[in-house]
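Have a look at upload_36.cif; it's mmCIF, C-alpha atoms:
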data_data
#
loop_
_atom_site.label_atom_id
_atom_site.label_comp_id
_atom_site.auth_asym_id
_atom_site.auth_seq_id
_atom_site.Cartn_x
_atom_site.Cartn_y
_atom_site.Cartn_z
CA MET N 23 11.50 10.02 -4.06
CA VAL N 24 9.06 8.10 -6.25
CA PHE N 25 8.19 4.43 -5.78
CA GLN N 26 6.49 3.02 -8.85
CA LEU N 27 4.97 -0.37 -9.56
CA ALA N 28 5.96 -2.49 -12.55
CA SER N 29 3.30 -2.95 -15.22
CA GLU N 30 2.76 -6.60 -14.16
CA ALA N 31 1.97 -5.47 -10.62
CA LEU N 32 -0.39 -2.74 -11.79
CA LYS N 33 -2.29 -5.26 -13.93
CA GLN N 34 -2.77 -7.48 -10.87
CA GLY N 35 -4.22 -4.61 -8.83
CA TYR N 36 -1.32 -3.86 -6.50
CA ARG N 37 -0.94 -0.39 -4.96
CA VAL N 38 2.07 1.39 -3.48
CA GLU N 39 2.45 3.88 -0.63
CA GLY N 40 5.86 5.59 -0.50
CA HIS N 41 7.59 7.28 2.43
CA HIS N 42 10.97 8.84 3.07
CA THR N 43 11.06 7.74 6.72
CA VAL N 44 8.89 5.40 8.80
CA GLY N 45 9.22 3.58 12.08
CA SER N 46 8.67 0.14 10.54
CA THR N 47 7.09 -0.71 7.19
CA ASN N 48 5.83 -4.02 8.64
CA ALA N 49 4.19 -2.28 11.58
CA LEU N 50 2.60 0.29 9.27
CA ALA N 51 1.30 -2.44 6.97
CA LEU N 52 -0.36 -4.32 9.84
CA GLU N 53 -1.80 -1.02 11.06
CA ARG N 54 -3.34 -0.53 7.63
CA ALA N 55 -4.79 -4.06 7.83
CA THR N 56 -6.46 -3.51 11.20
CA GLY N 57 -7.83 -0.25 9.80
CA GLY N 58 -9.64 -2.16 7.07
CA ASP N 59 -7.24 -2.09 4.10
CA ALA N 60 -8.05 -4.84 1.61
CA GLY N 61 -4.38 -5.74 1.01
CA ASN N 62 -2.17 -6.00 -2.07
CA LEU N 63 -0.57 -2.82 -0.76
CA TRP N 64 3.18 -2.18 -0.88
CA ILE N 65 4.53 0.20 1.76
CA CYS N 66 8.03 1.45 0.92
CA ALA N 67 10.55 3.71 2.62
CA LEU N 68 14.12 4.87 2.16
CA LYS N 69 14.70 4.86 5.92
CA GLN N 70 13.35 2.92 8.89
CA GLU N 71 13.87 4.15 12.43
CA SER N 72 12.69 1.01 14.22
CA GLY N 73 13.03 -1.77 11.69
CA ARG N 74 13.37 -5.32 12.94
CA GLY N 75 14.54 -8.69 11.74
CA ARG N 76 13.94 -12.25 12.88
CA ARG N 77 13.70 -13.00 16.61
CA GLY N 78 13.37 -9.33 17.50
CA ARG N 79 16.77 -8.33 16.18
CA ALA N 80 17.21 -4.76 14.99
CA TRP N 81 17.40 -4.15 11.24
CA GLU N 82 19.20 -0.98 10.20
CA THR N 83 17.77 0.98 7.28
CA PRO N 84 19.74 4.19 6.77
CA VAL N 85 18.65 6.67 4.11
CA GLY N 86 19.00 5.19 0.63
CA ASN N 87 18.45 1.55 1.55
CA LEU N 88 15.16 -0.13 0.69
CA ALA N 89 12.50 -1.10 3.20
CA ALA N 90 9.48 -2.59 1.44
CA THR N 91 6.53 -4.46 2.93
CA LEU N 92 3.69 -6.08 1.04
CA LEU N 93 0.40 -6.36 2.91
CA ILE N 94 -1.66 -9.40 1.97
CA VAL N 95 -5.15 -9.89 3.40
CA GLY N 96 -7.11 -13.07 2.79
CA SER N 97 -8.16 -16.44 4.11
CA HIS N 98 -4.70 -18.03 4.12
CA ASP N 99 -3.92 -20.45 6.91
CA PRO N 100 -0.73 -19.53 8.81
CA LYS N 101 1.22 -22.59 7.65
CA ARG N 102 0.59 -21.84 3.98
CA ALA N 103 1.16 -18.10 4.41
CA ALA N 104 4.57 -18.77 5.98
CA THR N 105 5.84 -20.06 2.63
CA LEU N 106 5.42 -16.57 1.16
CA GLY N 107 8.88 -15.87 2.52
CA PHE N 108 10.28 -18.18 -0.16
CA VAL N 109 8.25 -16.33 -2.80
CA ALA N 110 9.79 -13.10 -1.51
CA GLY N 111 13.34 -14.43 -1.65
CA LEU N 112 12.92 -15.66 -5.22
CA SER N 113 11.30 -12.39 -6.25
CA LEU N 114 14.13 -10.28 -4.87
CA SER N 115 16.71 -12.54 -6.51
CA ASP N 116 14.88 -12.25 -9.83
CA ALA N 117 14.62 -8.47 -9.44
CA LEU N 118 18.34 -8.13 -8.76
CA GLN N 119 19.19 -10.35 -11.71
CA ALA N 120 17.03 -8.23 -14.00
CA ALA N 121 18.06 -4.81 -12.70
CA ILE N 122 21.85 -5.17 -12.40
CA PRO N 123 24.25 -5.66 -15.34
CA GLY N 124 25.74 -9.15 -15.53
CA ALA N 125 29.32 -8.02 -14.86
CA SER N 126 28.51 -6.10 -11.68
CA LEU N 127 28.44 -8.97 -9.20
CA SER N 128 29.83 -12.47 -9.02
CA VAL N 129 28.38 -15.77 -7.92
CA ALA N 130 28.19 -16.24 -4.15
CA ALA N 131 30.96 -18.85 -4.15
CA ASP N 132 31.78 -18.49 -0.45
CA ALA N 133 28.29 -19.70 0.39
CA GLY N 134 28.43 -22.70 -1.93
CA GLY N 135 27.28 -21.10 -5.16
CA THR N 136 23.97 -21.86 -6.85
CA LYS N 137 22.88 -24.63 -9.18
CA ASP N 138 21.51 -22.24 -11.78
CA GLY N 139 24.60 -20.02 -11.78
CA SER N 140 22.78 -17.06 -10.26
CA ARG N 141 25.01 -14.37 -8.84
CA PHE N 142 22.62 -14.16 -5.86
CA ALA N 143 22.13 -17.02 -3.42
CA LEU N 144 19.16 -17.68 -1.14
CA LYS N 145 20.02 -18.59 2.44
CA TRP N 146 17.39 -20.48 4.39
CA PRO N 147 15.03 -19.28 5.60
CA ASN N 148 15.00 -15.62 4.66
CA ASP N 149 18.28 -14.03 3.49
CA VAL N 150 19.60 -13.05 0.08
CA LEU N 151 23.40 -13.24 -0.29
CA ALA N 152 25.81 -11.68 -2.74
CA ASP N 153 29.39 -12.93 -2.82
CA GLY N 154 28.58 -14.92 0.32
CA ALA N 155 27.63 -11.80 2.31
CA LYS N 156 24.18 -10.81 3.49
CA LEU N 157 22.58 -8.31 1.14
CA ALA N 158 18.95 -8.54 2.21
CA GLY N 159 16.64 -10.00 4.81
CA ILE N 160 12.97 -10.97 4.80
CA LEU N 161 10.58 -10.93 7.75
CA LEU N 162 6.99 -12.17 7.74
CA GLU N 163 4.61 -10.96 10.44
CA SER N 164 0.90 -11.69 10.66
CA THR N 165 -2.28 -11.03 12.58
CA PHE N 166 -5.86 -12.29 12.64
CA LEU N 167 -8.42 -9.61 11.86
CA PRO N 168 -11.81 -9.13 13.55
CA ASN N 169 -13.68 -10.26 10.43
CA GLY N 170 -12.00 -13.66 10.55
CA ARG N 171 -9.53 -12.84 7.81
CA PHE N 172 -5.76 -13.13 8.08
CA ALA N 173 -3.22 -10.39 7.32
CA VAL N 174 0.42 -11.04 6.41
CA ALA N 175 3.14 -8.39 6.18
CA VAL N 176 5.96 -9.57 3.91
CA GLY N 177 8.86 -7.30 4.85
CA ILE N 178 11.94 -7.04 2.61
CA GLY N 179 14.99 -5.01 3.59
CA VAL N 180 17.83 -4.48 1.13
CA ASN N 181 21.24 -2.91 1.74
CA VAL N 182 21.35 -0.61 -1.27
CA VAL N 183 23.82 2.14 -0.32
CA ALA N 184 25.07 0.99 3.10
CA HIS N 185 25.50 -2.11 5.24
CA PRO N 186 26.36 -2.69 8.90
CA SER N 187 29.95 -3.58 9.72
CA ASP N 188 29.62 -4.78 13.33
CA LEU N 189 27.88 -8.09 12.67
CA PRO N 190 29.07 -11.63 13.49
CA TYR N 191 28.73 -12.52 9.79
CA PRO N 192 29.71 -10.72 6.56
CA ALA N 193 27.30 -8.19 5.09
CA THR N 194 27.39 -6.09 1.94
CA SER N 195 25.44 -3.52 -0.06
CA LEU N 196 24.78 -2.99 -3.73
CA GLN N 197 26.93 0.12 -3.66
CA ALA N 198 29.84 -1.78 -2.11
CA LEU N 199 29.53 -4.31 -4.92
CA GLY N 200 29.81 -1.65 -7.60
CA SER N 201 26.16 -1.06 -8.45
CA ASP N 202 24.52 2.38 -8.61
CA LEU N 203 20.99 0.94 -8.61
CA SER N 204 18.63 3.08 -6.52
CA ALA N 205 16.14 1.78 -3.95
CA GLU N 206 13.27 3.12 -6.06
CA ALA N 207 14.44 1.36 -9.23
CA LEU N 208 15.00 -1.89 -7.34
CA PHE N 209 11.50 -1.71 -5.90
CA THR N 210 9.92 -1.39 -9.34
CA SER N 211 11.75 -4.51 -10.48
CA LEU N 212 10.82 -6.30 -7.24
CA SER N 213 7.11 -5.53 -7.62
CA GLY N 214 7.09 -7.09 -11.08
CA ALA N 215 9.04 -10.16 -9.99
CA TRP N 216 6.68 -10.66 -7.04
CA ALA N 217 3.66 -10.54 -9.34
CA SER N 218 5.14 -13.34 -11.45
CA ASN N 219 6.26 -15.55 -8.56
CA VAL N 220 3.09 -15.21 -6.48
CA ALA N 221 1.12 -16.27 -9.57
CA LEU N 222 3.33 -19.38 -9.71
CA TRP N 223 2.76 -19.93 -5.96
CA ASP N 224 -1.00 -19.86 -6.71
CA GLU N 225 -2.39 -19.68 -3.16
CA GLY N 226 0.06 -22.43 -2.15
CA ARG N 227 -0.97 -24.87 -4.87
CA GLY N 228 2.25 -24.15 -6.76
CA LEU N 229 4.55 -24.39 -3.75
CA SER N 230 6.46 -27.33 -5.24
CA ALA N 231 7.45 -25.16 -8.23
CA ILE N 232 8.56 -22.35 -5.89
CA ARG N 233 10.54 -24.90 -3.85
CA ASP N 234 12.31 -26.19 -6.98
CA ARG N 235 13.25 -22.68 -8.11
CA TRP N 236 14.42 -21.80 -4.59
CA LEU N 237 16.64 -24.89 -4.38
CA ASP N 238 18.30 -23.94 -7.67
CA ARG N 239 19.56 -20.78 -5.92
CA ALA N 240 20.09 -22.22 -2.44
CA ALA N 241 23.28 -21.19 -0.66
CA GLY N 242 25.36 -24.04 0.72
CA LEU N 243 23.28 -26.88 -0.71
CA GLY N 244 25.21 -30.14 -0.27
CA GLY N 245 27.83 -28.50 1.93
CA ASP N 246 28.75 -28.51 5.62
CA VAL N 247 26.27 -26.71 7.84
CA ALA N 248 25.65 -25.95 11.48
CA VAL N 249 22.20 -25.03 12.78
CA ARG N 250 21.69 -23.38 16.15
CA LEU N 251 18.32 -23.98 17.78
CA ASP N 252 17.14 -23.97 21.38
CA GLY N 253 20.68 -23.59 22.69
CA ALA N 254 21.98 -26.64 20.82
CA VAL N 255 24.02 -26.85 17.61
CA LEU N 256 23.34 -29.52 14.98
CA ARG N 257 26.11 -30.24 12.46
CA GLY N 258 25.97 -32.09 9.19
CA THR N 259 25.20 -31.53 5.51
CA PHE N 260 22.51 -29.32 3.98
CA GLU N 261 20.44 -31.98 2.21
CA THR N 262 17.40 -30.07 0.86
CA ILE N 263 14.23 -28.28 1.96
CA ASP N 264 11.17 -30.52 2.24
CA GLU N 265 7.67 -30.08 0.80
CA ASP N 266 6.83 -27.65 3.63
CA CYS N 267 10.09 -25.71 3.05
CA ARG N 268 11.63 -26.94 6.29
CA PHE N 269 15.42 -27.18 6.38
CA VAL N 270 16.64 -30.78 6.06
CA ILE N 271 20.07 -31.58 7.48
CA ARG N 272 21.85 -34.93 7.26
CA LEU N 273 23.54 -35.24 10.62
CA ASN N 274 27.03 -36.61 11.02
CA ASP N 275 25.54 -39.97 12.09
CA GLY N 276 23.72 -40.21 8.74
CA SER N 277 20.20 -39.50 10.00
CA LEU N 278 17.96 -36.78 8.55
CA THR N 279 16.36 -34.03 10.61
CA GLN N 280 13.79 -31.43 9.52
CA ILE N 281 14.06 -27.97 11.09
CA ALA N 282 11.28 -25.38 11.04
CA ALA N 283 13.27 -22.51 12.58
CA GLY N 284 16.92 -21.94 13.44
CA ASP N 285 20.08 -19.99 12.63
CA VAL N 286 22.04 -21.56 9.78
CA HIS N 287 25.81 -21.23 9.21
CA PHE N 288 27.80 -22.71 6.33
CA GLY N 289 31.35 -23.96 5.88
CA ALA N 290 34.05 -22.17 7.85
CA VAL N 291 31.49 -19.77 9.28
CA ALA N 292 29.67 -22.78 10.74
CA SER N 293 32.66 -23.65 12.91
CA ALA N 294 33.35 -20.08 13.95
CA SER N 295 29.82 -18.72 14.50
CA ALA N 296 27.61 -21.57 15.61
CA SER N 297 29.71 -23.26 18.28
#
Starting from the coordinates I provided, produce the structure as structure tokens.
Amino acid sequence: MVFQLASEALKQGYRVEGHHTVGSTNALALERATGGDAGNLWICALKQESGRGRRGRAWETPVGNLAATLLIVGSHDPKRAATLGFVAGLSLSDALQAAIPGASLSVAADAGGTKDGSRFALKWPNDVLADGAKLAGILLESTFLPNGRFAVAVGIGVNVVAHPSDLPYPATSLQALGSDLSAEALFTSLSGAWASNVALWDEGRGLSAIRDRWLDRAAGLGGDVAVRLDGAVLRGTFETIDEDCRFVIRLNDGSLTQIAAGDVHFGAVASASAS
């Protein structure tokens, strides 16, 4: 087991700490931050025993899948730091595009496809899809440090060799899709793609460019959508994401609504899963 950084990441001063098994890479990253780590540290593992996703949901990481968390420490305000999830999604999509032969996977047509023809689609706010099924999830967690600085753990979990089968939505793995890419090789590609995209993000000043690239790979853009939030379900059309990367839905009455957090379902899955 060897996790290695891409040359672009090494040039930008990133470091990597590899493990076979951890409780949670996010928790370990935030522990490093409170212990004084300066950040730009990737923590990677082939197995998580207590991984978690959004809203406290469990995230399974059996041996051979990838759990990777990037610790960032700085003076970011929470609102700006939250957009790093979109940098992460783009970076993973770029890494998969670069690391997997073109014939291995097809465009995620069941989720509406992508404008740029990518075989991987980005589902708001934090999933990466392949063939319309969930391949990866992203979770940002943060904490304020005693010195007044702010630490963000950008967690990325990828189904490399296995995926859960008891979910209310389709999931897949790279292995199930015919790829023999290893977690270690994927991480190297991911670290390089992150270095490029975070430079474009430029401390939030380049967020509009990140937003444009994200929209080119957005799952379900322009299609029917249902969003569950606070016990209610909103139905309409996925219009765009706004300048703050909030989800914009055109409701069935024609009005527009911006959503900062919620569970999104597209097409036929919207009717079945969100009602």
Quiz item: Quick one: residues within 6 Å of region 189-199 of chain N, all atoms listed in the file counted, chain neighbours fewer than 3 positions away excluded, as a VMD selection string?
Solution: chain N and resid 155 to 157 181 to 185 202
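CA of Thr56 (chain N) is found 14.6 Å from CA of Leu92 (chain N).
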Self-check item: 12 Å contact set for Pro168 (chain N), only C-alpha atoms, chain neighbours under 5 positions out, as a list in words
Solution: Ala55, Thr56, Gly57, Gly58 and Ala173 of chain N
Exercise. Quick one: pull the distance between CA of Asn62 (chain N) and CA of Leu112 (chain N), Å, one decimal.
Key: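 Distance between the two atoms: 18.2 Å.
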Quiz item: What is the CA of Asp149 (chain N) to CA of Leu251 (chain N) distance in Å?
Solution: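 Computing it gives 17.4 Å between the two atoms.
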Quiz item: So which residues touch region 50-54 of chain N within 12 Å, counting all atoms listed in the file, skipping near sequence neighbours fewer than 5 positions away, as number ranges by chain?
Solution: N: 38-41, 43-45, 59-67, 70, 72-73, 89-95, 162-167, 172-177
Quiz item: On this structure, which residues satisfy the PyMOL selection byres ((chain N and resi 225) around 12), written as JSON, numbers by chain?
Solution: {"N": [94, 96, 97, 98, 99, 101, 102, 103, 104, 105, 106, 109, 219, 220, 221, 222, 223, 224, 226, 227, 228, 229, 230, 232]}
